[in-house]
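J.: Below you'll find the structure I mean.
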Amino acid sequence: MAEALADDGTLARLLPSFDDPSSALLRFIDRYGDTTFNRHQIPVFLDELSRFIHPRLRDQKERSFIERLEKLARRCASEPHLYLKFYGD
């Protein structure tokens with residue numbers, strides 16, 4: 001098990017709104033509950049990071065956070081039985 005990061009609220013600020021129909025996955029990351037993505041969902045997840053998150057990054061700290069998240073996501077996509085998990089509040 002690899003752990004990404006403790007989030008200081010960065011991800012919640014960057015996520016699209018729950019009711020944004022242009023997002024297939026990111027909008028469903030539960031800020032208060034847990035969310036899990038499997039390896040088949042990771043390509044969509046990474047695409048949405050590029051489309052929704054990258055344009056909104058404000059500084060190097062946020063870029064570094066998202067880069068680490070992308071690295072974990074790619075690892076999850078590389079083999080079965082790995083999952084990308086988000087733990088809410």
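Quick note on naming: the chains in the structure tokens go A, B, ... in the order shown, residues restart at 1 in each chain, and ligands are numbered from 1 in order of appearance.
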Using only C-alpha atoms, which residues sit within 12 Å of Ser50 of chain A once same-chain residues fewer than 5 positions away are excluded, as a list in words?

T.: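 Counting only the stated atoms, we get Leu14, Leu15, Ser23, Leu26, Pro43, Val44, Phe45, Pro55, Arg56, Leu57, Arg63, Ile66, Glu67 and Glu70 of chain A.
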
J.: Keeping only C-alpha atoms, write the selected residues to a file as a PDB file, in the first residue's frame.

T.:
```pdb
ATOM      1  CA  LEU A  14      -9.842  21.875  -7.403  1.00  0.00           C
ATOM      2  CA  LEU A  15     -12.568  19.280  -7.962  1.00  0.00           C
ATOM      3  CA  SER A  23     -17.013  15.135 -15.370  1.00  0.00           C
ATOM      4  CA  LEU A  26     -13.754  13.577 -10.460  1.00  0.00           C
ATOM      5  CA  PRO A  43      -7.342   6.549 -17.811  1.00  0.00           C
ATOM      6  CA  VAL A  44     -10.545   8.601 -17.430  1.00  0.00           C
ATOM      7  CA  PHE A  45      -9.328   9.883 -14.064  1.00  0.00           C
ATOM      8  CA  PRO A  55      -5.770  24.613 -15.578  1.00  0.00           C
ATOM      9  CA  ARG A  56      -6.723  25.567 -12.004  1.00  0.00           C
ATOM     10  CA  LEU A  57      -3.371  24.927 -10.303  1.00  0.00           C
ATOM     11  CA  ARG A  63       1.378  21.090  -8.863  1.00  0.00           C
ATOM     12  CA  ILE A  66      -1.265  16.605  -8.322  1.00  0.00           C
ATOM     13  CA  GLU A  67       1.948  15.128  -9.754  1.00  0.00           C
ATOM     14  CA  GLU A  70      -0.922  11.160 -10.976  1.00  0.00           C
TER      15      GLU A  70
END
```

J.: Please list as a list in words every residue within 9 Å of Asn38 of chain A, counting only C-alpha atoms and excluding residues in the same chain fewer than 5 positions away.

T.: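 What passes the distance filter is Cys76, Ala77, Pro80, His81, Leu82, Tyr83, Leu84 and Lys85 of chain A.
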
J.: Any chance you can output those residues with N, CA and C atoms as an mmCIF file, in the first residue's frame?

T.:
```
data_model
loop_
_atom_site.group_PDB
_atom_site.id
_atom_site.type_symbol
_atom_site.label_atom_id
_atom_site.label_comp_id
_atom_site.auth_asym_id
_atom_site.auth_seq_id
_atom_site.Cartn_x
_atom_site.Cartn_y
_atom_site.Cartn_z
ATOM 1 N N CYS A 76 -1.529 2.416 -10.080
ATOM 2 C CA CYS A 76 -2.760 1.625 -9.944
ATOM 3 C C CYS A 76 -3.211 1.059 -11.281
ATOM 4 N N ALA A 77 -2.986 1.794 -12.342
ATOM 5 C CA ALA A 77 -3.398 1.343 -13.673
ATOM 6 C C ALA A 77 -2.480 0.260 -14.219
ATOM 7 N N PRO A 80 -3.273 -5.375 -11.836
ATOM 8 C CA PRO A 80 -4.553 -5.647 -11.178
ATOM 9 C C PRO A 80 -4.427 -5.589 -9.653
ATOM 10 N N HIS A 81 -5.558 -5.444 -9.024
ATOM 11 C CA HIS A 81 -5.683 -5.463 -7.562
ATOM 12 C C HIS A 81 -5.059 -4.253 -6.876
ATOM 13 N N LEU A 82 -4.854 -3.198 -7.628
ATOM 14 C CA LEU A 82 -4.442 -1.930 -7.043
ATOM 15 C C LEU A 82 -5.576 -0.941 -7.264
ATOM 16 N N TYR A 83 -5.836 -0.121 -6.263
ATOM 17 C CA TYR A 83 -6.947 0.819 -6.314
ATOM 18 C C TYR A 83 -6.480 2.189 -5.856
ATOM 19 N N LEU A 84 -7.074 3.202 -6.439
ATOM 20 C CA LEU A 84 -6.823 4.570 -6.026
ATOM 21 C C LEU A 84 -7.956 4.950 -5.079
ATOM 22 N N LYS A 85 -7.603 5.219 -3.830
ATOM 23 C CA LYS A 85 -8.620 5.481 -2.809
ATOM 24 C C LYS A 85 -8.472 6.887 -2.251
#
```

J.: Of the candidates A:Asp47, A:Asp19, A:Glu79, A:Arg31, which one gets nearest to Asp7 of chain A if we count only C-alpha atoms?

T.: A:Arg31

J.: Determine which residues of segment 10-45 of chain A receive a DSSP assignment of helix (DSSP H, G or I), computed from the backbone, and state them as a VMD selection string.

T.: chain A and resid 10 to 14 26 to 28 42 to 45

J.: Keeping N, CA and C atoms for every residue in the selection just given, could you write it to a file as a short mmCIF file (atom, residue, chain, number, x, y, z; two decimals), in the first residue's frame?

T.:
```cif
data_model
loop_
_atom_site.label_atom_id
_atom_site.label_comp_id
_atom_site.auth_asym_id
_atom_site.auth_seq_id
_atom_site.Cartn_x
_atom_site.Cartn_y
_atom_site.Cartn_z
N THR A 10 -6.63 21.15 -0.78
CA THR A 10 -6.32 21.47 -2.17
C THR A 10 -7.23 20.73 -3.13
N LEU A 11 -7.35 19.43 -2.94
CA LEU A 11 -8.15 18.63 -3.87
C LEU A 11 -9.60 19.09 -3.88
N ALA A 12 -10.18 19.30 -2.72
CA ALA A 12 -11.58 19.74 -2.65
C ALA A 12 -11.79 21.05 -3.42
N ARG A 13 -10.82 21.94 -3.33
CA ARG A 13 -10.94 23.23 -4.03
C ARG A 13 -10.86 23.04 -5.53
N LEU A 14 -10.08 22.06 -5.98
CA LEU A 14 -9.84 21.88 -7.40
C LEU A 14 -10.89 21.01 -8.10
N LEU A 26 -14.23 12.66 -11.50
CA LEU A 26 -13.75 13.58 -10.46
C LEU A 26 -14.88 14.17 -9.63
N ARG A 27 -15.99 14.46 -10.26
CA ARG A 27 -17.09 15.07 -9.52
C ARG A 27 -17.66 14.15 -8.45
N PHE A 28 -17.37 12.85 -8.56
CA PHE A 28 -17.89 11.89 -7.59
C PHE A 28 -16.92 11.57 -6.46
N ILE A 42 -8.83 4.51 -14.25
CA ILE A 42 -7.69 5.43 -14.15
C ILE A 42 -7.44 6.25 -15.42
N PRO A 43 -7.54 5.69 -16.63
CA PRO A 43 -7.34 6.55 -17.81
C PRO A 43 -8.32 7.73 -17.85
N VAL A 44 -9.56 7.51 -17.47
CA VAL A 44 -10.54 8.60 -17.43
C VAL A 44 -10.16 9.58 -16.33
N PHE A 45 -9.76 9.05 -15.18
CA PHE A 45 -9.33 9.88 -14.06
C PHE A 45 -8.18 10.80 -14.49
#
```

J.: For atom CA of Arg74 of chain A and atom CA of Leu46 of chain A, determine how far apart the two atoms are, in Å to one decimal place.

T.: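 Separating atom CA of Arg74 of chain A from atom CA of Leu46 of chain A is a distance of 8.3 Å.
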
J.: Among chain A, which ones does DSSP place in strand (DSSP E), written as a ChimeraX atom specification?

T.: /A:34-37,84-87
